[in-house]
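S.K.: This is start.tsv, which holds TSV, C-alpha atoms and all ligand atoms:
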chain	number	residue	atom	x	y	z
J	1197	MET	CA	66.84	66.09	100.69
J	1198	THR	CA	69.45	63.45	101.15
J	1199	VAL	CA	72.67	65.17	100.05
J	1200	PRO	CA	75.20	63.66	102.46
J	1201	ILE	CA	76.87	65.90	105.00
J	1202	ASP	CA	79.75	65.00	107.23
J	1203	GLN	CA	78.04	65.66	110.53
J	1204	ALA	CA	74.38	64.92	111.11
J	1205	VAL	CA	74.16	66.78	114.41
J	1206	LEU	CA	75.04	70.42	114.97
J	1207	GLN	CA	76.37	71.09	118.44
J	1208	CYS	CA	74.80	74.32	119.76
J	1209	GLY	CA	76.27	74.70	123.24
J	1210	GLU	CA	74.21	72.57	125.60
J	1211	ARG	CA	71.57	71.93	122.94
J	1212	THR	CA	71.76	70.15	119.61
J	1213	LEU	CA	70.13	70.42	116.21
J	1214	ASP	CA	69.67	67.15	114.32
J	1215	LEU	CA	70.54	67.86	110.70
J	1216	GLY	CA	69.48	64.44	109.44
J	1217	GLN	CA	66.81	66.38	107.58
J	1218	ALA	CA	66.25	70.04	106.76
J	1219	ARG	CA	65.47	72.15	109.84
J	1220	ILE	CA	63.56	75.39	110.21
J	1221	MET	CA	65.16	78.45	111.77
J	1222	GLY	CA	62.45	80.91	112.81
J	1223	ILE	CA	63.44	84.57	112.49
J	1224	LEU	CA	62.91	86.78	115.53
J	1225	ASN	CA	63.88	90.35	114.69
J	1226	VAL	CA	63.84	92.53	117.81
J	1227	THR	CA	64.50	95.63	115.75
J	1228	PRO	CA	62.48	98.72	114.88
J	1229	ASP	CA	63.60	98.66	111.24
J	1230	SER	CA	63.96	95.15	109.79
J	1231	PHE	CA	62.79	95.09	106.19
J	1232	SER	CA	59.73	92.88	106.64
J	1233	ASP	CA	58.81	92.87	110.31
J	1234	GLY	CA	60.61	95.85	111.87
J	1235	GLY	CA	58.94	97.15	115.03
J	1236	ARG	CA	56.53	94.24	115.44
J	1237	TYR	CA	58.48	92.38	118.12
J	1238	ALA	CA	60.60	95.15	119.59
J	1239	ARG	CA	59.21	94.83	123.15
J	1240	VAL	CA	60.34	91.84	125.21
J	1241	ASP	CA	56.78	90.58	125.76
J	1242	GLU	CA	56.03	90.84	122.03
J	1243	ALA	CA	59.25	89.02	121.20
J	1244	LEU	CA	58.47	86.22	123.66
J	1245	ALA	CA	54.97	85.77	122.27
J	1246	ARG	CA	56.36	85.65	118.75
J	1247	ALA	CA	59.03	83.12	119.76
J	1248	ARG	CA	56.45	80.84	121.38
J	1249	ALA	CA	54.33	81.01	118.24
J	1250	LEU	CA	57.29	80.21	115.99
J	1251	VAL	CA	58.17	77.14	118.06
J	1252	ALA	CA	54.54	76.01	118.21
J	1253	GLN	CA	54.44	76.26	114.41
J	1254	GLY	CA	57.49	74.03	114.09
J	1255	ALA	CA	60.64	76.14	114.35
J	1256	ASP	CA	63.58	73.91	115.33
J	1257	ILE	CA	65.84	76.84	116.23
J	1258	LEU	CA	65.30	80.59	116.66
J	1259	ASP	CA	67.54	83.33	115.28
J	1260	ILE	CA	67.40	86.50	117.36
J	1261	GLY	CA	68.64	89.69	115.76
J	1262	GLY	CA	68.84	93.24	117.11
J	1263	GLU	CA	70.41	94.97	114.12
J	1264	SER	CA	68.83	95.09	110.69
J	1265	THR	CA	71.23	94.21	107.88
J	1266	ARG	CA	68.89	95.17	105.05
J	1267	PRO	CA	70.60	97.14	102.26
J	1268	GLY	CA	71.28	100.67	103.46
J	1269	ALA	CA	70.66	99.91	107.15
J	1270	GLU	CA	72.51	102.07	109.66
J	1271	PRO	CA	74.73	100.26	112.18
J	1272	VAL	CA	73.29	100.01	115.70
J	1273	PRO	CA	75.47	100.98	118.70
J	1274	LEU	CA	76.54	98.05	120.90
J	1275	GLU	CA	74.64	99.30	123.94
J	1276	GLU	CA	71.37	99.46	122.00
J	1277	GLU	CA	71.81	96.05	120.35
J	1278	ARG	CA	72.61	94.57	123.74
J	1279	ARG	CA	69.48	96.13	125.25
J	1280	ARG	CA	67.32	94.68	122.49
J	1281	VAL	CA	68.75	91.17	122.35
J	1282	LEU	CA	69.99	89.97	125.73
J	1283	PRO	CA	66.74	90.08	127.77
J	1284	VAL	CA	65.01	88.12	125.00
J	1285	ILE	CA	67.71	85.44	124.87
J	1286	GLU	CA	67.69	85.14	128.64
J	1287	ALA	CA	63.93	84.69	128.84
J	1288	LEU	CA	63.77	82.31	125.88
J	1289	TYR	CA	66.59	80.15	127.17
J	1290	ALA	CA	64.71	79.65	130.43
J	1291	GLU	CA	61.40	78.91	128.74
J	1292	LEU	CA	62.04	77.07	125.48
J	1293	ALA	CA	64.09	73.96	124.71
J	1294	VAL	CA	65.15	74.83	121.16
J	1295	PRO	CA	68.66	76.09	120.43
J	1296	LEU	CA	68.94	79.88	120.22
J	1297	SER	CA	71.01	81.69	117.62
J	1298	VAL	CA	72.13	85.30	117.88
J	1299	ASP	CA	72.41	87.27	114.65
J	1300	THR	CA	75.16	89.79	115.31
J	1301	MET	CA	78.45	91.00	113.92
J	1302	LYS	CA	79.68	92.44	117.25
J	1303	PRO	CA	82.18	90.36	119.22
J	1304	ALA	CA	81.22	91.86	122.59
J	1305	LEU	CA	77.59	90.92	122.07
J	1306	MET	CA	78.56	87.45	120.84
J	1307	ARG	CA	80.34	86.80	124.12
J	1308	GLU	CA	77.46	88.09	126.25
J	1309	ALA	CA	74.83	86.27	124.21
J	1310	VAL	CA	76.64	82.97	124.68
J	1311	ALA	CA	76.88	83.59	128.43
J	1312	THR	CA	73.12	84.26	128.41
J	1313	GLY	CA	72.21	81.05	126.56
J	1314	ALA	CA	72.82	81.47	122.83
J	1315	GLY	CA	74.12	78.25	121.28
J	1316	LEU	CA	74.81	79.50	117.77
J	1317	LEU	CA	76.62	82.61	116.62
J	1318	ASN	CA	75.30	83.84	113.28
J	1319	ALA	CA	77.55	86.46	111.75
J	1320	VAL	CA	76.40	87.84	108.41
J	1321	ASN	CA	79.91	89.11	107.70
J	1322	GLY	CA	81.49	85.71	108.40
J	1323	PHE	CA	83.18	86.87	111.65
J	1324	ARG	CA	85.25	89.48	109.81
J	1325	ALA	CA	84.68	92.28	112.36
J	1326	GLU	CA	87.77	93.01	114.40
J	1327	GLY	CA	88.04	90.51	117.24
J	1328	ALA	CA	84.98	88.50	116.16
J	1329	LEU	CA	86.82	85.42	114.96
J	1330	ALA	CA	88.72	85.10	118.24
J	1331	VAL	CA	85.56	85.44	120.33
J	1332	ALA	CA	83.67	82.96	118.15
J	1333	VAL	CA	86.47	80.40	118.25
J	1334	GLU	CA	86.76	80.73	122.01
J	1335	ALA	CA	82.99	80.27	122.44
J	1336	ALA	CA	83.04	77.25	120.13
J	1337	ARG	CA	85.96	75.61	121.91
J	1338	GLU	CA	85.02	76.38	125.48
J	1339	ARG	CA	81.22	76.27	125.38
J	1340	GLY	CA	80.59	74.10	122.34
J	1341	VAL	CA	78.56	76.70	120.46
J	1342	ALA	CA	77.97	76.45	116.73
J	1343	LEU	CA	79.12	79.10	114.26
J	1344	CYS	CA	77.36	80.18	111.10
J	1345	ALA	CA	79.70	81.94	108.69
J	1346	MET	CA	77.90	83.83	105.94
J	1347	HIS	CA	79.23	85.35	102.74
J	1348	MET	CA	78.64	89.05	102.20
J	1349	GLN	CA	80.35	91.25	99.63
J	1350	GLY	CA	80.87	94.73	101.13
J	1351	GLU	CA	78.90	96.14	104.07
J	1352	PRO	CA	75.12	96.47	104.49
J	1353	GLN	CA	75.24	100.25	103.93
J	1354	SER	CA	76.77	99.91	100.47
J	1355	MET	CA	76.66	96.24	99.44
J	1356	GLN	CA	74.00	96.58	96.72
J	1357	ARG	CA	75.73	99.44	94.87
J	1358	SER	CA	77.77	97.41	92.37
J	1359	PRO	CA	78.38	93.82	93.44
J	1360	HIS	CA	80.77	91.95	91.16
J	1361	TYR	CA	81.90	88.34	90.85
J	1362	ASP	CA	83.90	86.40	88.25
J	1363	ASP	CA	81.78	83.33	88.95
J	1364	VAL	CA	79.42	83.85	91.87
J	1365	VAL	CA	79.11	80.17	92.83
J	1366	ALA	CA	82.86	79.56	92.66
J	1367	ASP	CA	83.72	82.83	94.42
J	1368	VAL	CA	81.23	82.34	97.27
J	1369	GLY	CA	82.18	78.65	97.55
J	1370	ALA	CA	85.87	79.58	97.81
J	1371	PHE	CA	85.13	82.11	100.56
J	1372	LEU	CA	83.05	79.59	102.53
J	1373	ASP	CA	85.68	76.85	102.14
J	1374	GLN	CA	88.37	79.21	103.33
J	1375	ARG	CA	86.32	80.40	106.31
J	1376	ALA	CA	85.56	76.82	107.33
J	1377	ALA	CA	89.24	75.90	107.00
J	1378	GLU	CA	90.23	78.86	109.19
J	1379	LEU	CA	87.69	77.93	111.85
J	1380	MET	CA	88.84	74.33	111.89
J	1381	ALA	CA	92.51	75.31	111.96
J	1382	ALA	CA	91.67	77.38	115.06
J	1383	GLY	CA	90.20	74.30	116.75
J	1384	VAL	CA	86.49	74.47	115.91
J	1385	SER	CA	85.14	71.03	115.03
J	1386	ARG	CA	83.25	70.29	111.81
J	1387	GLY	CA	80.12	69.50	113.80
J	1388	GLN	CA	79.93	73.11	114.98
J	1389	ILE	CA	80.04	74.84	111.59
J	1390	LEU	CA	77.25	76.05	109.33
J	1391	LEU	CA	77.95	77.90	106.08
J	1392	ASP	CA	75.64	80.36	104.34
J	1393	PRO	CA	76.00	81.78	100.82
J	1394	GLY	CA	74.29	84.98	101.97
J	1395	PHE	CA	71.43	85.60	99.57
J	1396	GLY	CA	70.89	89.31	98.97
J	1397	PHE	CA	74.13	90.39	100.65
J	1398	GLY	CA	76.14	92.14	97.94
J	1399	LYS	CA	74.41	90.26	95.12
J	1400	THR	CA	72.26	91.26	92.17
J	1401	LEU	CA	69.16	89.27	91.21
J	1402	GLU	CA	71.25	87.41	88.62
J	1403	HIS	CA	73.86	86.56	91.26
J	1404	ASN	CA	71.18	85.32	93.65
J	1405	VAL	CA	69.56	83.12	91.00
J	1406	ALA	CA	72.92	81.67	89.91
J	1407	LEU	CA	73.86	81.04	93.53
J	1408	PHE	CA	70.56	79.32	94.25
J	1409	ARG	CA	71.02	77.08	91.23
J	1410	GLY	CA	74.54	76.38	92.49
J	1411	LEU	CA	73.40	75.19	95.92
J	1412	PRO	CA	74.05	71.51	95.11
J	1413	ARG	CA	77.65	72.44	94.26
J	1414	LEU	CA	78.06	74.29	97.55
J	1415	ALA	CA	76.39	71.49	99.52
J	1416	ALA	CA	78.71	68.95	97.93
J	1417	ALA	CA	81.58	70.41	99.99
J	1418	GLY	CA	80.12	68.42	102.90
J	1419	LEU	CA	79.43	71.08	105.53
J	1420	PRO	CA	75.80	71.91	106.31
J	1421	LEU	CA	74.36	74.93	104.51
J	1422	LEU	CA	72.00	77.53	105.94
J	1423	VAL	CA	69.84	79.32	103.38
J	1424	GLY	CA	67.94	82.54	104.01
J	1425	VAL	CA	65.79	83.82	101.17
J	1426	SER	CA	62.61	84.47	103.14
J	1427	ARG	CA	60.73	87.58	101.93
J	1428	LYS	CA	63.89	88.89	100.28
J	1429	SER	CA	63.86	91.10	97.23
J	1430	MET	CA	64.86	88.21	94.96
J	1431	ILE	CA	61.51	86.56	95.77
J	1432	GLY	CA	59.67	89.81	95.12
J	1433	GLN	CA	61.51	90.49	91.86
J	1434	LEU	CA	61.08	86.97	90.50
J	1435	LEU	CA	57.34	87.21	91.10
J	1436	GLY	CA	56.91	90.54	89.36
J	1437	ASP	CA	57.63	93.16	92.02
J	1438	ARG	CA	55.62	91.40	94.70
J	1439	PRO	CA	55.45	93.53	97.89
J	1440	VAL	CA	57.07	92.19	101.06
J	1441	ALA	CA	53.71	91.35	102.66
J	1442	GLU	CA	52.90	88.97	99.78
J	1443	ARG	CA	56.13	87.02	99.58
J	1444	ASP	CA	55.44	84.18	102.04
J	1445	PRO	CA	54.10	81.57	99.56
J	1446	GLY	CA	57.06	82.18	97.24
J	1447	SER	CA	59.42	82.06	100.22
J	1448	ALA	CA	58.06	78.66	101.30
J	1449	VAL	CA	58.54	77.25	97.80
J	1450	ALA	CA	62.08	78.63	97.67
J	1451	ALA	CA	62.84	77.13	101.10
J	1452	LEU	CA	61.64	73.74	99.88
J	1453	LEU	CA	63.77	74.02	96.74
J	1454	ALA	CA	66.77	74.95	98.88
J	1455	ALA	CA	66.19	71.88	101.03
J	1456	GLN	CA	65.95	69.71	97.92
J	1457	ALA	CA	69.23	71.21	96.76
J	1458	GLY	CA	70.91	70.18	99.99
J	1459	ALA	CA	70.38	73.03	102.49
J	1460	ARG	CA	70.00	71.81	106.08
J	1461	VAL	CA	68.81	74.94	107.86
J	1462	LEU	CA	66.14	77.20	106.36
J	1463	ARG	CA	65.97	80.69	107.87
J	1464	VAL	CA	62.35	81.83	107.49
J	1465	HIS	CA	59.72	84.24	108.76
J	1466	ASP	CA	56.69	82.04	107.92
J	1467	VAL	CA	57.41	78.85	109.81
J	1468	SER	CA	54.00	77.20	109.26
J	1469	ALA	CA	54.15	77.42	105.49
J	1470	THR	CA	57.71	76.12	105.40
J	1471	ARG	CA	56.86	73.26	107.75
J	1472	ASP	CA	53.92	72.25	105.55
J	1473	ALA	CA	56.02	72.41	102.38
J	1474	LEU	CA	58.71	70.16	103.91
J	1475	ALA	CA	56.16	67.74	105.36
J	1476	LEU	CA	54.33	67.31	102.06
J	1477	TYR	CA	57.56	66.87	100.17
J	1478	SER	CA	58.77	64.14	102.50
J	1479	VAL	CA	55.58	62.12	101.93
J	1480	LEU	CA	54.72	62.92	98.33
J	1481	ASN	CA	58.09	62.93	96.62
J	1482	ALA	CA	58.26	59.66	94.71
J	1483	ASP	CA	62.06	59.69	94.34
J	1484	GLY	CA	62.83	60.41	97.96
J	1485	ASP	CA	63.24	57.99	100.80
J	1486	ASN	CA	59.93	59.22	102.25
J	1487	GLU	CA	61.44	59.70	105.66
J	1488	GLN	CA	58.75	60.47	108.19
J	1489	ASP	CA	58.70	63.98	109.56
J	1490	SER	CA	60.26	63.70	112.99
J	1491	ARG	CA	57.59	65.98	114.44
J	1492	GLY	CA	55.14	63.18	113.75
J	1493	ASN	CA	53.03	65.18	111.35
M	1501	LIG	N1	69.49	87.40	106.28
M	1501	LIG	C1	69.15	88.44	107.06
M	1501	LIG	C2	69.68	88.53	108.36
M	1501	LIG	N2	70.48	87.59	108.85
M	1501	LIG	N3	71.63	85.53	108.60
M	1501	LIG	C3	71.97	84.48	107.84
M	1501	LIG	N4	72.78	83.51	108.32
M	1501	LIG	N5	71.50	84.35	106.56
M	1501	LIG	C4	70.69	85.28	105.99
M	1501	LIG	O1	70.32	85.11	104.80
M	1501	LIG	C5	70.32	86.41	106.77
M	1501	LIG	C6	70.82	86.51	108.10
M	1501	LIG	C7	68.23	89.49	106.55
M	1501	LIG	O2	66.89	89.16	106.78
M	1501	LIG	P1	65.99	89.71	108.00
M	1501	LIG	O3	66.56	89.30	109.30
M	1501	LIG	O4	64.59	89.29	107.79
M	1501	LIG	O5	66.01	91.28	107.84
M	1501	LIG	P2	66.80	92.45	108.54
M	1501	LIG	O6	68.26	92.25	108.26
M	1501	LIG	O7	66.25	93.71	107.89
M	1501	LIG	O8	66.53	92.38	110.02
Is it possible to express this structure as structure tokens?

M.R.:
Amino acid sequence: MTVPIDQAVLQCGERTLDLGQARIMGILNVTPDSFSDGGRYARVDEALARARALVAQGADILDIGGESTRPGAEPVPLEEERRRVLPVIEALYAELAVPLSVDTMKPALMREAVATGAGLLNAVNGFRAEGALAVAVEAARERGVALCAMHMQGEPQSMQRSPHYDDVVADVGAFLDQRAAELMAAGVSRGQILLDPGFGFGKTLEHNVALFRGLPRLAAAGLPLLVGVSRKSMIGQLLGDRPVAERDPGSAVAALLAAQAGARVLRVHDVSATRDALALYSVLNADGDNEQDSRGN
């Protein structure tokens, strides 16, 4: 877990995320229809309880999303996404010290989420929605927020129909390089950028496996990588059609492998299992530098 990156600290508005080692991003879906946990944390009190539990288990950052992006998901109107997400960000910002990420493609919500306390904008379409890049750049420059640009081929409604790449690692790497270059040309500093290859977003199982194996190549570009494979269909398929409810052990192993391959932020549902996997690796790996887990575990 010692692939060098250019910046060891990610600036997330008024908060920071130390990327000297892999960090855990706990997923908080305040949606009725997310693929693995839809409807479980849709009420504000349920979302707050879940967020507290994720942080107690070891989440270093929370990612709050009000629109499912699972294959085939219907877009959510702005007003509804706003109603789901903003009260949760507001309450969490007041109560918890971890940086908060908002998972949205909508520029209007990005702006409001930042004003409410979000320190990271996570856009699964890489800020390609009309007006999103300008809003993200402004938030990064004026409020110091971090930006996560993810690769997705197509749109959630249709992305799994017939994804195609010449060379998935090279193609995704080229997109991420270009996005990072655009952000930096617009004045965003390197220490505010995360890149994400976008597992499951317009990719077949073969694409996902090739991309995972290519993580060291992507990490070698020097910007920190975020990897999200938690409970996704690639985990289920690789384990013989494992149902969503039984994918957490496989997800924790995959998160650990991603960290070994150079990922710095692991976006997961099961924070405890991921934390344990990382903690054991840091002590038991004979080749590593055996850095002590900063949480003191
Ligand atoms: N995956 C999902 C949503 N947002 N953001 C980033 N940066 N990377 C990802 O891999 C990613 C993401 C999909 O997972 P989930 O949030 O669990 O499901 P849903 O989209 O159904 O809410």

S.K.: Which residues are near ligand LIG 1501 (chain M) in this structure, taking near to mean any atom at most 8 Å from a ligand atom and counting all atoms listed in the file? Format them as number ranges by chain.

M.R.: J: 1223-1225, 1227, 1229-1234, 1261-1267, 1269, 1299, 1318-1320, 1344-1346, 1391-1397, 1422-1428, 1463-1465

S.K.: So that each row is one residue of region 1363-1481 of chain J with an atom at most 9 Å from region 1249-1252 of chain J, can you give its shortest atom pair and the distance in Å to one decimal, using all atoms listed in the file, rows by chain and rising number, as CSV?

M.R.:
residue,atom,partner,partner_atom,distance
J:His1465,CA,J:Leu1250,CA,8.6
J:Asp1466,CA,J:Leu1250,CA,8.3
J:Val1467,CA,J:Leu1250,CA,6.3
J:Ser1468,CA,J:Leu1250,CA,8.1

S.K.: Between J:Ser1478, J:Gln1433, J:Thr1400, J:Gln1388, single out the one closest to Ala1336 (chain J), counting only C-alpha atoms.

M.R.: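 Looking only at the distances to Ala1336 (chain J), the closest residue turns out to be J:Gln1388.
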
S.K.: Of the residues J:Pro1283, J:Pro1412, J:Ile1389, J:Asp1363, which is the one nearest to Gly1340 (chain J), using only C-alpha atoms?

M.R.: J:Ile1389

S.K.: What does the distance from CA of Arg1248 (chain J) to CA of Gln1217 (chain J) come to in Å, to one decimal?

M.R.: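 CA of Gln1217 (chain J) lies 22.5 Å from CA of Arg1248 (chain J).
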
S.K.: For the atom pair CA of Met1430 (chain J) and CA of Ala1475 (chain J), what is the interatomic distance in Å to one decimal place?

M.R.: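 Interatomic distance, CA of Met1430 (chain J) to CA of Ala1475 (chain J): 24.6 Å.
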
S.K.: Between CA of Leu1329 (chain J) and CA of Thr1300 (chain J), measure the distance and give it in Å to one decimal.

M.R.: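 These two atoms are separated by 12.5 Å.
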
S.K.: Calculated over only C-alpha atoms, which of the candidates J:Leu1206, J:Val1331, J:Val1405, J:Ala1218 has the smallest distance to Ala1451 (chain J)?

M.R.: J:Ala1218

S.K.: Determine the nearest neighbour of Asp1472 (chain J) from the options J:Leu1453, J:Ala1448, J:Ala1459, J:Leu1274, counting all atoms listed in the file.

M.R.: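 For Asp1472 (chain J), the nearest of the candidates is J:Ala1448.
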
S.K.: Which neighbours of Leu1305 (chain J) fall inside 12 Å, counting all atoms listed in the file, when residues of the same chain fewer than 3 positions from it are skipped, and could you give them as a count of residues only?

M.R.: 34

S.K.: Using only C-alpha atoms, can you tell me which of J:Met1380, J:Asp1362, J:Glu1286, J:Phe1371 comes closest to Arg1324 (chain J)?

M.R.: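 Closest candidate: J:Phe1371.
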
S.K.: Closest to Tyr1289 (chain J) among J:Ile1260, J:Ala1330, J:Ala1382, J:Leu1476, using all atoms listed in the file?

M.R.: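 The closest residue to Tyr1289 (chain J) is J:Ile1260.
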
S.K.: Output, as AutoDock Vina command-line options, the centre and edge lengths in Å (one decimal) of the axis-aligned box that contains all listed atoms of region 1291-1308 of chain J with 5 Å of margin on each side.

M.R.:
--center_x 71.8 --center_y 83.2 --center_z 121.3 --size_x 30.8 --size_y 28.5 --size_z 24.8

S.K.: Show me that you can extract region 1354-1366 of chain J, keeping C-alpha atoms, and write it as a PDB file, in the first residue's frame.

M.R.:
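Okay, decode.pdb is ready:
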ATOM      1  CA  SER J1354     -28.450   2.274 -20.682  1.00  0.00           C
ATOM      2  CA  MET J1355     -24.780   1.843 -19.734  1.00  0.00           C
ATOM      3  CA  GLN J1356     -24.812  -1.959 -19.424  1.00  0.00           C
ATOM      4  CA  ARG J1357     -26.394  -2.600 -22.841  1.00  0.00           C
ATOM      5  CA  SER J1358     -23.225  -2.967 -24.928  1.00  0.00           C
ATOM      6  CA  PRO J1359     -20.164  -1.355 -23.380  1.00  0.00           C
ATOM      7  CA  HIS J1360     -17.134  -1.356 -25.664  1.00  0.00           C
ATOM      8  CA  TYR J1361     -13.468  -0.458 -25.238  1.00  0.00           C
ATOM      9  CA  ASP J1362     -10.360  -0.947 -27.388  1.00  0.00           C
ATOM     10  CA  ASP J1363      -8.287  -1.407 -24.235  1.00  0.00           C
ATOM     11  CA  VAL J1364     -10.293  -0.745 -21.095  1.00  0.00           C
ATOM     12  CA  VAL J1365      -7.327   0.214 -18.892  1.00  0.00           C
ATOM     13  CA  ALA J1366      -5.831   2.544 -21.497  1.00  0.00           C
TER      14      ALA J1366
END
